[in-house]
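A.B. asks: Sharing model-v1.txt, compact mmCIF, C-alpha atoms and all ligand atoms:
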```txt
# COMPACT_ATOMS: atom_id res chain seq x y z
CA MET A 28 -61.39 52.25 52.32
CA ILE A 29 -58.07 51.08 50.88
CA PHE A 30 -54.80 49.70 52.12
CA ALA A 31 -52.29 52.51 51.77
CA PRO A 32 -48.97 52.06 53.57
CA GLN A 33 -48.03 55.72 53.26
CA LEU A 34 -51.02 57.08 55.14
CA ALA A 35 -50.40 60.04 57.42
CA ARG A 36 -50.92 59.67 61.16
CA SER A 37 -54.45 61.10 61.32
CA GLN A 38 -55.55 59.20 58.23
CA SER A 39 -54.16 55.98 59.65
CA GLN A 40 -56.31 56.20 62.75
CA ILE A 41 -59.32 56.69 60.55
CA PHE A 42 -58.17 53.67 58.56
CA VAL A 43 -58.12 51.43 61.64
CA MET A 44 -61.36 52.88 63.05
CA ASP A 45 -63.12 52.35 59.70
CA TRP A 46 -62.07 48.74 59.52
CA LEU A 47 -63.13 48.07 63.12
CA GLY A 48 -66.61 49.39 62.38
CA THR A 49 -67.19 47.68 59.05
CA THR A 50 -69.75 44.90 58.64
CA ASP A 51 -69.68 44.78 54.83
CA PRO A 52 -68.89 41.14 53.90
CA VAL A 53 -67.03 42.16 50.72
CA LEU A 54 -64.78 44.55 52.62
CA LEU A 55 -64.23 41.98 55.36
CA GLU A 56 -63.08 39.43 52.78
CA ILE A 57 -60.54 42.01 51.60
CA LEU A 58 -59.36 42.52 55.18
CA TRP A 59 -58.89 38.77 55.79
CA ARG A 60 -57.01 38.45 52.51
CA MET A 61 -54.72 41.39 53.23
CA ALA A 62 -53.93 39.96 56.67
CA ASP A 63 -53.30 36.48 55.30
CA GLU A 64 -51.04 37.76 52.53
CA THR A 65 -49.12 39.93 55.00
CA ARG A 66 -48.74 36.92 57.30
CA GLU A 67 -47.39 34.80 54.46
CA GLN A 68 -44.86 37.44 53.46
CA GLY A 69 -43.94 38.41 57.02
CA VAL A 70 -43.63 35.08 58.82
CA GLY A 71 -44.37 32.35 56.27
CA ASP A 72 -46.72 29.37 56.37
CA ALA A 73 -45.39 27.56 59.45
CA VAL A 74 -47.57 27.47 62.55
CA HIS A 75 -45.38 27.21 65.64
CA LEU A 76 -46.53 25.09 68.56
CA ARG A 77 -45.86 26.09 72.16
CA GLY A 78 -46.62 23.63 74.96
CA LEU A 79 -48.46 25.53 77.70
CA VAL A 80 -48.07 24.49 81.34
CA GLU A 81 -50.14 26.34 83.94
CA ILE A 82 -47.79 25.79 86.86
CA SER A 83 -49.72 27.58 89.63
CA ASN A 84 -53.12 29.24 90.00
CA HIS A 85 -52.22 31.13 93.16
CA CYS A 86 -52.37 34.88 92.60
CA ARG A 87 -51.92 37.93 94.80
CA LYS A 88 -53.78 40.15 92.34
CA ASN A 89 -57.46 40.96 92.01
CA CYS A 90 -57.93 41.76 88.34
CA CYS A 91 -61.68 42.34 88.00
CA TYR A 92 -62.05 40.01 85.00
CA CYS A 93 -60.09 36.97 86.14
CA GLY A 94 -61.56 33.84 87.69
CA ILE A 95 -58.40 32.99 89.68
CA ARG A 96 -58.16 36.45 91.29
CA HIS A 97 -57.05 36.40 94.91
CA ALA A 98 -60.49 37.24 96.30
CA ASN A 99 -62.22 34.33 94.57
CA HIS A 100 -62.40 31.82 97.40
CA ARG A 101 -64.16 29.30 95.20
CA THR A 102 -60.90 28.71 93.30
CA ASN A 103 -59.25 25.44 94.22
CA ARG A 104 -55.59 26.47 94.43
CA TYR A 105 -52.64 24.34 93.28
CA ARG A 106 -48.95 24.68 92.60
CA MET A 107 -47.29 22.00 90.46
CA GLU A 108 -44.24 20.10 91.67
CA ILE A 109 -40.98 20.46 89.76
CA ASP A 110 -41.03 16.82 88.57
CA GLU A 111 -44.64 17.20 87.33
CA ILE A 112 -43.58 20.22 85.27
CA LEU A 113 -40.61 18.30 83.89
CA GLU A 114 -43.01 15.52 82.77
CA CYS A 115 -44.94 18.13 80.77
CA ALA A 116 -41.69 19.41 79.26
CA LEU A 117 -40.80 15.89 78.13
CA GLN A 118 -44.28 15.54 76.65
CA ALA A 119 -43.64 18.74 74.66
CA VAL A 120 -40.41 17.21 73.34
CA ASP A 121 -42.27 14.00 72.37
CA PHE A 122 -44.84 16.02 70.44
CA GLY A 123 -42.05 17.88 68.63
CA TYR A 124 -42.77 21.31 70.14
CA GLY A 125 -39.85 23.71 70.28
CA THR A 126 -41.10 25.90 73.11
CA LEU A 127 -42.48 25.47 76.61
CA VAL A 128 -44.59 28.26 78.10
CA LEU A 129 -44.63 28.36 81.90
CA GLN A 130 -47.68 30.33 83.02
CA ALA A 131 -48.95 31.18 86.51
CA GLY A 132 -50.77 33.79 88.52
CA GLU A 133 -48.61 36.11 90.59
CA ASP A 134 -47.81 33.43 93.13
CA GLU A 135 -45.94 34.97 96.07
CA SER A 136 -44.81 31.58 97.35
CA MET A 137 -43.09 30.79 94.08
CA SER A 138 -39.62 31.95 95.01
CA CYS A 139 -37.06 33.30 92.59
CA SER A 140 -34.68 30.42 93.35
CA TRP A 141 -37.44 27.85 92.73
CA VAL A 142 -38.11 29.31 89.27
CA VAL A 143 -34.38 29.52 88.55
CA ASP A 144 -33.95 25.84 89.52
CA LEU A 145 -36.91 24.93 87.31
CA ILE A 146 -35.42 26.76 84.31
CA HIS A 147 -32.02 25.10 84.90
CA LEU A 148 -33.63 21.67 85.08
CA ILE A 149 -35.70 22.07 81.89
CA LYS A 150 -32.68 23.44 80.04
CA LYS A 151 -30.53 20.54 81.29
CA GLU A 152 -33.03 17.84 80.32
CA THR A 153 -34.39 19.26 77.04
CA ASN A 154 -33.48 21.72 74.31
CA LEU A 155 -36.77 23.58 74.67
CA THR A 156 -37.01 27.34 74.38
CA ILE A 157 -38.63 28.69 77.55
CA THR A 158 -41.28 31.39 77.66
CA LEU A 159 -42.27 32.75 81.07
CA SER A 160 -45.70 34.21 81.75
CA LEU A 161 -45.59 34.81 85.49
CA GLY A 162 -47.06 38.31 85.65
CA GLU A 163 -45.37 41.32 87.21
CA GLN A 164 -42.02 40.29 88.69
CA SER A 165 -39.33 42.47 90.24
CA GLU A 166 -36.49 43.59 88.00
CA GLU A 167 -34.15 41.38 90.06
CA ASN A 168 -36.30 38.31 89.41
CA LEU A 169 -36.63 39.09 85.70
CA SER A 170 -32.87 39.38 85.51
CA ALA A 171 -32.28 36.14 87.47
CA PHE A 172 -34.73 34.18 85.27
CA ARG A 173 -33.03 35.51 82.15
CA SER A 174 -29.56 34.58 83.44
CA ALA A 175 -30.86 31.10 84.26
CA GLY A 176 -31.76 30.66 80.59
CA ALA A 177 -35.35 31.86 80.10
CA ASP A 178 -35.69 33.03 76.50
CA ARG A 179 -39.00 34.87 76.31
CA TYR A 180 -41.40 36.72 78.57
CA PHE A 181 -45.08 37.33 77.89
CA MET A 182 -47.22 39.81 79.79
CA ARG A 183 -50.26 41.57 78.38
CA PHE A 184 -50.92 45.24 79.08
CA GLU A 185 -54.64 44.25 78.82
CA THR A 186 -55.89 47.71 77.78
CA SER A 187 -54.13 50.94 76.80
CA ASN A 188 -56.96 53.01 78.31
CA GLN A 189 -55.39 54.13 81.61
CA GLN A 190 -58.70 54.88 83.29
CA LEU A 191 -60.16 51.51 82.36
CA TYR A 192 -56.89 49.83 83.36
CA GLN A 193 -57.14 51.31 86.84
CA GLN A 194 -60.78 50.32 87.20
CA LEU A 195 -59.93 46.75 86.23
CA HIS A 196 -56.88 46.48 88.48
CA PRO A 197 -57.85 47.64 91.98
CA ASN A 198 -55.11 47.82 94.63
CA SER A 199 -52.67 46.68 92.01
CA THR A 200 -49.00 47.25 92.83
CA GLY A 201 -48.71 49.33 89.75
CA LYS A 202 -50.58 51.26 87.15
CA LEU A 203 -50.28 50.94 83.40
CA PRO A 204 -46.99 52.92 83.17
CA TYR A 205 -45.44 50.51 85.69
CA ARG A 206 -46.49 47.48 83.65
CA ILE A 207 -45.09 49.12 80.52
CA SER A 208 -41.80 49.82 82.32
CA LEU A 209 -41.52 46.09 83.08
CA LEU A 210 -42.03 45.26 79.40
CA GLU A 211 -39.22 47.69 78.59
CA LYS A 212 -37.05 46.02 81.23
CA MET A 213 -37.71 42.60 79.69
CA LYS A 214 -36.58 43.89 76.30
CA SER A 215 -33.44 45.43 77.74
CA LEU A 216 -32.60 42.09 79.39
CA GLY A 217 -32.74 40.50 75.94
CA TYR A 218 -35.98 38.58 76.36
CA GLU A 219 -38.03 38.02 73.24
CA THR A 220 -40.94 39.99 74.63
CA GLY A 221 -44.67 39.68 74.17
CA SER A 222 -47.74 41.56 75.26
CA GLY A 223 -51.32 42.08 74.20
CA ALA A 224 -54.81 43.03 75.18
CA MET A 225 -58.32 41.79 75.75
CA VAL A 226 -60.99 42.54 73.17
CA ASP A 227 -64.50 43.75 74.01
CA LEU A 228 -63.97 44.60 77.67
CA PRO A 229 -66.91 46.50 79.14
CA GLY A 230 -66.15 50.20 78.72
CA GLN A 231 -63.68 49.63 75.84
CA THR A 232 -64.21 51.74 72.71
CA TYR A 233 -63.00 51.45 69.10
CA ARG A 234 -60.63 54.30 69.88
CA ASP A 235 -59.17 52.23 72.73
CA ILE A 236 -58.59 49.31 70.36
CA CYS A 237 -56.91 51.69 67.96
CA THR A 238 -54.68 52.91 70.81
CA ASP A 239 -53.94 49.29 71.85
CA LEU A 240 -52.62 48.65 68.33
CA GLN A 241 -50.60 51.85 68.50
CA LEU A 242 -49.09 50.93 71.89
CA ILE A 243 -47.94 47.56 70.52
CA GLY A 244 -45.94 49.48 67.90
CA LYS A 245 -44.48 51.92 70.43
CA LEU A 246 -43.38 49.02 72.62
CA GLU A 247 -41.91 47.18 69.63
CA MET A 248 -43.22 43.84 70.80
CA ASP A 249 -41.97 40.59 69.27
CA MET A 250 -45.19 38.66 69.91
CA VAL A 251 -48.73 39.79 70.63
CA GLY A 252 -51.74 37.89 71.97
CA LEU A 253 -55.27 39.23 71.62
CA GLY A 254 -58.15 37.40 73.25
CA PRO A 255 -61.85 38.13 73.63
CA PHE A 256 -63.01 38.97 77.16
CA ILE A 257 -65.20 36.15 78.53
CA PRO A 258 -67.19 37.00 81.69
CA HIS A 259 -66.52 34.83 84.73
CA PRO A 260 -69.47 34.64 87.16
CA ASP A 261 -67.26 34.88 90.28
CA THR A 262 -65.66 38.20 89.33
CA PRO A 263 -66.77 41.86 89.55
CA LEU A 264 -66.80 42.09 85.74
CA GLY A 265 -68.92 38.94 85.47
CA LYS A 266 -71.34 40.03 88.17
CA HIS A 267 -71.68 43.76 87.44
CA PRO A 268 -70.46 44.50 83.90
CA GLU A 269 -72.74 47.56 83.73
CA LYS A 270 -70.53 49.31 86.32
CA PHE A 271 -67.69 49.32 83.81
CA GLY A 272 -69.59 50.47 80.73
CA PRO A 273 -71.17 49.07 77.55
CA ARG A 274 -69.56 46.41 75.39
CA LEU A 275 -68.85 46.86 71.69
CA ALA A 276 -70.15 43.42 70.69
CA ALA A 277 -73.68 42.25 71.45
CA ASP A 278 -73.06 38.50 71.27
CA PRO A 279 -70.25 35.92 70.85
CA VAL A 280 -70.50 36.02 67.03
CA GLN A 281 -69.92 39.78 66.97
CA GLN A 282 -67.24 39.41 69.59
CA GLU A 283 -65.39 36.87 67.48
CA LEU A 284 -65.70 39.14 64.45
CA LEU A 285 -64.21 42.05 66.40
CA THR A 286 -61.35 39.86 67.66
CA CYS A 287 -60.62 38.70 64.10
CA LYS A 288 -60.70 42.28 62.79
CA MET A 289 -58.28 43.46 65.48
CA THR A 290 -56.00 40.47 64.79
CA ALA A 291 -56.04 41.15 61.04
CA LEU A 292 -55.17 44.83 61.61
CA LEU A 293 -52.43 43.78 64.03
CA ARG A 294 -50.90 41.54 61.37
CA ILE A 295 -51.15 44.21 58.64
CA LEU A 296 -49.48 46.77 60.91
CA TYR A 297 -46.76 44.42 62.20
CA PRO A 298 -45.95 41.82 59.52
CA ASP A 299 -43.03 40.10 61.29
CA ILE A 300 -44.31 39.50 64.85
CA ASN A 301 -45.61 36.20 66.22
CA ILE A 302 -49.36 36.12 66.86
CA PRO A 303 -50.98 33.21 68.72
CA ALA A 304 -54.49 31.94 68.05
CA THR A 305 -55.53 32.38 71.68
CA THR A 306 -57.37 29.87 73.87
CA ALA A 307 -60.03 32.53 74.53
CA SER A 308 -60.83 32.59 70.79
CA ALA A 309 -61.14 28.80 70.75
CA THR A 310 -63.40 29.04 73.81
CA LEU A 311 -65.70 31.55 72.15
CA ASN A 312 -66.01 29.38 69.05
CA PRO A 313 -64.98 25.77 69.80
CA ALA A 314 -65.94 24.62 66.29
CA ASP A 315 -63.51 26.72 64.25
CA GLY A 316 -62.26 29.64 66.37
CA THR A 317 -58.61 28.58 66.04
CA GLU A 318 -58.83 28.08 62.29
CA LYS A 319 -60.41 31.52 61.85
CA MET A 320 -57.54 33.10 63.79
CA LEU A 321 -55.03 31.30 61.54
CA ARG A 322 -56.82 32.79 58.52
CA CYS A 323 -56.67 36.37 59.77
CA GLY A 324 -53.01 36.62 60.74
CA ALA A 325 -52.14 34.18 63.54
CA ASN A 326 -49.07 31.91 63.21
CA VAL A 327 -48.78 30.29 66.66
CA ILE A 328 -50.91 27.79 68.63
CA MET A 329 -50.37 26.94 72.29
CA PRO A 330 -51.59 23.40 73.04
CA ASN A 331 -52.29 22.96 76.75
CA LEU A 332 -50.03 20.33 78.38
CA THR A 333 -51.14 20.97 81.98
CA PRO A 334 -52.30 17.71 83.61
CA ASN A 335 -56.12 17.64 83.42
CA HIS A 336 -56.78 17.70 87.16
CA TYR A 337 -54.85 21.00 87.41
CA ARG A 338 -56.00 22.37 84.07
CA ARG A 339 -59.64 22.49 85.21
CA LYS A 340 -58.58 24.62 88.17
CA TYR A 341 -56.83 27.22 86.03
CA ASP A 342 -60.25 28.75 85.61
CA ILE A 343 -59.55 32.30 84.41
CA TYR A 344 -62.81 32.24 82.42
CA PRO A 345 -65.57 29.64 82.15
CA GLY A 346 -65.70 26.91 79.52
CA LYS A 347 -62.00 27.27 78.68
CA ALA A 348 -61.30 25.35 75.47
CA GLY A 349 -59.52 22.06 76.04
CA ALA A 350 -60.05 22.11 79.81
CA ASP A 351 -61.12 18.45 79.77
CA ALA A 352 -59.42 17.38 76.54
CA ASP A 353 -57.09 14.41 76.35
CA THR A 354 -53.62 15.84 75.67
CA THR A 355 -52.74 13.45 72.84
CA GLU A 356 -56.13 13.84 71.12
CA GLN A 357 -55.84 17.61 71.42
CA HIS A 358 -52.38 17.45 69.84
CA GLN A 359 -53.77 15.48 66.86
CA GLN A 360 -56.71 17.87 66.46
CA ILE A 361 -54.36 20.83 66.35
CA LEU A 362 -52.23 19.17 63.65
CA ASP A 363 -55.45 18.62 61.65
CA ILE A 364 -56.48 22.25 62.04
CA ILE A 365 -53.08 23.39 60.76
CA ARG A 366 -53.20 21.08 57.74
CA ASN A 367 -56.84 21.94 56.93
CA ALA A 368 -55.85 25.58 56.87
CA GLY A 369 -53.21 24.73 54.22
CA ARG A 370 -50.36 25.51 56.60
CA THR A 371 -47.31 23.61 57.82
CA VAL A 372 -46.28 22.61 61.34
CA GLY A 373 -43.33 24.70 62.51
CA THR A 374 -40.15 23.08 63.78
CA GLY A 375 -37.46 24.43 66.11
CA PRO A 376 -37.85 27.39 68.45
CA GLY A 377 -40.00 29.43 66.03
CA SER A 378 -38.52 32.68 67.26
CA SER A 379 -40.28 35.87 66.20
CA ARG A 380 -38.81 37.33 63.01
CA HIS A 381 -39.22 40.76 64.56
CA TYR A 382 -36.89 39.68 67.38
CA GLN A 383 -34.42 38.02 65.03
CA LYS A 384 -34.16 41.16 62.91
CA ASN A 385 -34.02 43.74 65.65
CA ARG A 386 -32.78 42.50 68.99
CA LYS A 387 -31.25 39.06 68.79
CA ASN A 388 -27.69 40.24 68.25
CA PRO A 389 -26.26 40.25 71.80
CA GLY A 390 -23.58 42.78 70.84
CA ASN A 391 -26.17 45.55 70.54
CA THR A 392 -26.73 47.86 73.46
CA HIS A 393 -30.33 48.66 74.30
CA HIS A 394 -29.95 52.23 73.03
CA GLU A 395 -28.67 51.12 69.64
CA ILE A 396 -31.41 48.54 69.41
CA THR A 397 -34.20 50.98 70.19
CA SER A 398 -33.09 53.65 67.77
CA ARG A 399 -32.64 51.17 64.95
CA THR A 400 -36.00 49.45 65.36
CA SER A 401 -37.98 52.66 65.73
CA GLN A 402 -36.87 53.70 62.26
CA GLN A 403 -37.93 50.37 60.87
CA SER A 404 -41.12 49.93 62.84
CA PRO A 405 -43.98 49.12 60.49
CA CYS A 406 -46.15 51.05 62.90
CA SER A 407 -44.70 54.31 61.64
CA ARG A 408 -46.47 53.65 58.37
CA PHE A 409 -49.75 54.27 60.10
CA TYR A 410 -49.25 56.34 63.21
N1 LIG B 501 -61.62 36.62 79.68
C1 LIG B 501 -60.62 36.61 78.76
N2 LIG B 501 -59.32 36.65 79.06
C2 LIG B 501 -59.00 36.71 80.37
N3 LIG B 501 -57.81 36.77 80.99
C3 LIG B 501 -58.02 36.77 82.32
N4 LIG B 501 -59.34 36.75 82.59
C4 LIG B 501 -59.98 36.70 81.39
C5 LIG B 501 -61.34 36.66 81.00
N5 LIG B 501 -62.33 36.67 81.88
C6 LIG B 501 -56.55 36.84 80.28
C7 LIG B 501 -55.80 38.13 80.60
C8 LIG B 501 -54.54 37.65 81.27
C9 LIG B 501 -54.42 36.22 80.79
C10 LIG B 501 -53.67 35.35 81.74
O1 LIG B 501 -55.74 35.78 80.68
O2 LIG B 501 -55.50 38.82 79.40
O3 LIG B 501 -53.39 38.38 80.89
FE1 LIG B 502 -53.70 37.13 88.64
FE2 LIG B 502 -53.17 37.27 86.02
FE3 LIG B 502 -55.63 36.66 86.91
FE4 LIG B 502 -54.70 39.13 87.22
S1 LIG B 502 -55.10 38.09 85.24
S2 LIG B 502 -55.77 37.92 88.78
S3 LIG B 502 -52.53 38.76 87.62
S4 LIG B 502 -53.79 35.42 87.16
```
Could I get this file's structure written as structure tokens?
Ligand code: 5AD
Ligand code: SF4
C.D. replies:
Amino acid sequence: MIFAPQLARSQSQIFVMDWLGTTDPVLLEILWRMADETREQGVGDAVHLRGLVEISNHCRKNCCYCGIRHANHRTNRYRMEIDEILECALQAVDFGYGTLVLQAGEDESMSCSWVVDLIHLIKKETNLTITLSLGEQSEENLSAFRSAGADRYFMRFETSNQQLYQQLHPNSTGKLPYRISLLEKMKSLGYETGSGAMVDLPGQTYRDICTDLQLIGKLEMDMVGLGPFIPHPDTPLGKHPEKFGPRLAADPVQQELLTCKMTALLRILYPDINIPATTASATLNPADGTEKMLRCGANVIMPNLTPNHYRRKYDIYPGKAGADADTTEQHQQILDIIRNAGRTVGTGPGSSRHYQKNRKNPGNTHHEITSRTSQQSPCSRFY
């Protein structure tokens, strides 16, 4: 099993499948090293910090894995006030973060004009880059948020297996192709666009993971988040996982290993994208989950700035890392993790190099952009 950039399509799938299945410690060391070297060459040593604010846990959706799904009546719902969110933004500035991530469920009472006003206010009071993670929004809303000054949009496709996607998203407004069309829309609006998937969902196979990696290339994403699935007891997937199929990993250690392997392969395939060390990875392994992700390709961390009394209620999976942490202590711990890993703390917006190279120039039309990047896509080396 070797790293060969000129592999043909069929060989490349075998390449990814082989790596996903390997347990040989010597080979795994090679994989981590290849990912780390690719990361260094592709995006450098800086780890960019994004302040995360979970602005509302209301959601109209019923994703079978998520603790804040609409049907979970045990969820204590909240929606932050504008001035509370601004406080968090100012905290991000104090900590030296360049980006604020505004995340929420699909909250129907969060009007377009409210979000637009929020973006205007944050842009007026700070020089933060704004990432939105507000789920599936209409094209009109996406356009209005972008015009108001939002810089990035993040929305995972969760799994590229259409059948599994439909099982996991009952009564959803859209199916996987609809979600993908929204990601395309975000790109055409000029957003730096991110997506990603969950790892080790019941019913997910190695082939699905391979296809997830392939889809990321087809979509030409600028940033990609991969997180292990963590069962929540108040969800269909937590209560009846057997209905969805077997899991690839037998325990959290294997699950972490699989997440690291997928992250390493992601980095090797796409050297210039931004990859966060996800909160789900830190939850699975509170001791050194984040550090491990930094060593296998990640270059972004998202410290949680949500006030603690709200943070606990953003309960998408149990035991979420940092749910009770003091914000300042957490900030210091993250700086320590970065330094212990021999890395530097990023400054400024920390925009994805993939975005800077391919889509940042506002003079480009979408068509020109797409045709240029598809020739350059590192994915074509493998698929
Ligand atoms: N385990 C891991 N990740 C989850 N998410 C939602 N529920 C879970 C869970 N039980 C992730 C999804 C979603 C993001 C907001 O959180 O990938 O996109
Ligand atoms: Fe809502 Fe997102 Fe949870 Fe689905 S994953 S129920 S869209 S918050």
A.B. asks: Hey, which residues sit close to ligand LIG 501 (chain B)? Say within 7 Å, counting all atoms listed in the file, and write them as a list in words.
C.D. replies: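 The distance check yields Tyr92, Cys93, Gly94, Met182, Arg183, Glu185, Ala224, Met225, Gly254, Pro255, Phe256, Ile257, Pro258, His259, Ala307, Ile343 and Tyr344 of chain A.
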A.B. asks: Is there a way to get, as a VMD selection string, all residues within 7 Å of the point (-64.5, 46.8, 78.9) in file coordinates, counting all atoms listed in the file?
C.D. replies: chain A and resid 227 to 231 271 to 272 274
A.B. asks: Mind giving me the straight-line distance from atom CA of A:Gln194 to atom CA of A:Asp239 in Å, one decimal?
C.D. replies: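 Result for atom CA of A:Gln194 versus atom CA of A:Asp239: 16.8 Å, one decimal.
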A.B. asks: Using all atoms listed in the file, which residues sit within 9 Å of A:Arg206 once same-chain residues fewer than 3 positions away are excluded, as a ChimeraX atom specification?
C.D. replies: /A:163,182-184,201-203,209-211
A.B. asks: (-58.0, 24.4, 62.5) in this file's frame - what residues fall within 7 Å of it? Use only C-alpha atoms and give the answer as an MDAnalysis selection string.
C.D. replies: chainID A and resid 315 317:318 361 363:365 367:368
A.B. asks: Would you name the residues within 6 Å of ligand LIG 502 (chain B), counting all atoms listed in the file, and put them as a PDB file with C-alpha atoms, in the coordinates of the input?
C.D. replies:
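Output file result_4.pdb is given in full below:
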```
ATOM      1  CA  CYS A  86     -52.370  34.880  92.600  1.00  0.00           C
ATOM      2  CA  LYS A  88     -53.780  40.150  92.340  1.00  0.00           C
ATOM      3  CA  ASN A  89     -57.460  40.960  92.010  1.00  0.00           C
ATOM      4  CA  CYS A  90     -57.930  41.760  88.340  1.00  0.00           C
ATOM      5  CA  CYS A  93     -60.090  36.970  86.140  1.00  0.00           C
ATOM      6  CA  ILE A  95     -58.400  32.990  89.680  1.00  0.00           C
ATOM      7  CA  ARG A  96     -58.160  36.450  91.290  1.00  0.00           C
ATOM      8  CA  GLY A 132     -50.770  33.790  88.520  1.00  0.00           C
ATOM      9  CA  GLU A 133     -48.610  36.110  90.590  1.00  0.00           C
ATOM     10  CA  GLY A 162     -47.060  38.310  85.650  1.00  0.00           C
TER      11      GLY A 162
END
```
A.B. asks: When you count all atoms listed in the file, which of these residues is closest to A:Pro345: A:Gly377, A:Gly265, A:Gly324, A:Gly316?
C.D. replies: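 Smallest distance to A:Pro345 is found for A:Gly265.
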A.B. asks: At a cut-off of 12 Å, using only C-alpha atoms, what residues contact A:Lys150? Leave out same-chain residues fewer than 3 positions from it and give the result as a list in words.
C.D. replies: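 Skipping anything fewer than 3 positions along the chain leaves Leu113, Ala116, Leu117, Val120, Thr126, Leu127, Val143, Asp144, Leu145, Ile146, His147, Thr153, Asn154, Leu155, Thr156, Ile157, Thr158, Ala175, Gly176, Ala177 and Asp178 of chain A.
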A.B. asks: Calculate how many Å separate atom CA of A:Thr49 from atom CA of A:Met329, rounding to one decimal.
C.D. replies: 29.8 Å
A.B. asks: Calculate how many Å separate atom CA of A:Gly78 from atom CA of A:Asp249, rounding to one decimal.
C.D. replies: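 We find that atom CA of A:Gly78 and atom CA of A:Asp249 lie 18.5 Å from each other.
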A.B. asks: Quick one: of A:His358, A:Arg322, A:Lys214, A:Arg60, who's nearest to A:Arg370, counting only C-alpha atoms?
C.D. replies: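 Ranked by minimum distance to A:Arg370, first place goes to A:Arg322.
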A.B. asks: Just the residues within 6 Å of stretch 98-112 of chain A, please, counting all atoms listed in the file, with nothing from its chain fewer than 3 positions along; format it as a PyMOL selection string.
C.D. replies: chain A and resi 82-85+115
A.B. asks: Find the spatial neighbours of A:Gly252, counting only C-alpha atoms, within a cut-off of 7 Å - ignore same-chain residues fewer than 6 positions away - and output them as a list in words.
C.D. replies: Ser222, Gly223, Ala224, Ile302, Pro303 and Thr305 of chain A
A.B. asks: Axis-aligned box over every listed atom of stretch 69-86 of chain A, padded by 6 Å per side: centre and edges in Å to one decimal, as JSON?
C.D. replies:
```
{"center_x": -48.4, "center_y": 31.0, "center_z": 74.7, "size_x": 21.5, "size_y": 26.8, "size_z": 48.9}
```
A.B. asks: Excluding A:Met61 and residues on its chain fewer than 3 positions from it, collect all residues at most 10 Å away from it, counting only C-alpha atoms, and give them as a list of chain:residue names.
C.D. replies: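 Here the answer would be A:Phe30, A:Leu55, A:Glu56, A:Ile57, A:Leu58, A:Glu64, A:Thr65, A:Arg66, A:Glu67, A:Ala291, A:Leu292, A:Arg294, A:Ile295, A:Cys323, A:Gly324.
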A.B. asks: May I ask which of the residues A:Ala350, A:Leu293, A:Ala314, A:Val53 is the closest one to A:Ile243, counting all atoms listed in the file?
C.D. replies: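 Result for the nearest residue to A:Ile243: A:Leu293.
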A.B. asks: Would you mind telling me which residue in A:Phe42, A:Val80, A:Pro52, A:His267 lies nearest to A:Tyr337 when using all atoms listed in the file?
C.D. replies: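 Of all the options, A:Val80 lies closest to A:Tyr337.
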A.B. asks: Just add N, CA, C and O atoms to stretch 69-77 of chain A and send it as a PDB file, in the frame of the given file.
C.D. replies:
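The new file out_6.pdb reads:
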```
ATOM      1  N   GLY A  69     -44.669  37.998  55.807  1.00  0.00           N
ATOM      2  CA  GLY A  69     -43.940  38.410  57.020  1.00  0.00           C
ATOM      3  C   GLY A  69     -43.339  37.269  57.803  1.00  0.00           C
ATOM      4  O   GLY A  69     -42.204  37.368  58.287  1.00  0.00           O
ATOM      5  N   VAL A  70     -44.111  36.178  57.967  1.00  0.00           N
ATOM      6  CA  VAL A  70     -43.630  35.080  58.820  1.00  0.00           C
ATOM      7  C   VAL A  70     -43.755  33.700  58.185  1.00  0.00           C
ATOM      8  O   VAL A  70     -43.383  32.697  58.809  1.00  0.00           O
ATOM      9  N   GLY A  71     -44.295  33.634  56.974  1.00  0.00           N
ATOM     10  CA  GLY A  71     -44.370  32.350  56.270  1.00  0.00           C
ATOM     11  C   GLY A  71     -45.576  31.511  56.662  1.00  0.00           C
ATOM     12  O   GLY A  71     -46.481  31.972  57.360  1.00  0.00           O
ATOM     13  N   ASP A  72     -45.562  30.253  56.200  1.00  0.00           N
ATOM     14  CA  ASP A  72     -46.720  29.370  56.370  1.00  0.00           C
ATOM     15  C   ASP A  72     -46.679  28.530  57.645  1.00  0.00           C
ATOM     16  O   ASP A  72     -47.678  27.928  58.035  1.00  0.00           O
ATOM     17  N   ALA A  73     -45.505  28.448  58.280  1.00  0.00           N
ATOM     18  CA  ALA A  73     -45.390  27.560  59.450  1.00  0.00           C
ATOM     19  C   ALA A  73     -46.220  28.086  60.624  1.00  0.00           C
ATOM     20  O   ALA A  73     -46.256  29.287  60.877  1.00  0.00           O
ATOM     21  N   VAL A  74     -46.878  27.132  61.297  1.00  0.00           N
ATOM     22  CA  VAL A  74     -47.570  27.470  62.550  1.00  0.00           C
ATOM     23  C   VAL A  74     -46.737  26.854  63.676  1.00  0.00           C
ATOM     24  O   VAL A  74     -46.538  25.638  63.723  1.00  0.00           O
ATOM     25  N   HIS A  75     -46.227  27.690  64.561  1.00  0.00           N
ATOM     26  CA  HIS A  75     -45.380  27.210  65.640  1.00  0.00           C
ATOM     27  C   HIS A  75     -46.213  26.754  66.826  1.00  0.00           C
ATOM     28  O   HIS A  75     -47.197  27.400  67.179  1.00  0.00           O
ATOM     29  N   LEU A  76     -45.792  25.640  67.421  1.00  0.00           N
ATOM     30  CA  LEU A  76     -46.530  25.090  68.560  1.00  0.00           C
ATOM     31  C   LEU A  76     -45.762  25.338  69.846  1.00  0.00           C
ATOM     32  O   LEU A  76     -44.554  25.080  69.913  1.00  0.00           O
ATOM     33  N   ARG A  77     -46.463  25.826  70.846  1.00  0.00           N
ATOM     34  CA  ARG A  77     -45.860  26.090  72.160  1.00  0.00           C
ATOM     35  C   ARG A  77     -46.625  25.264  73.190  1.00  0.00           C
ATOM     36  O   ARG A  77     -47.845  25.453  73.326  1.00  0.00           O
TER      37      ARG A  77
END
```
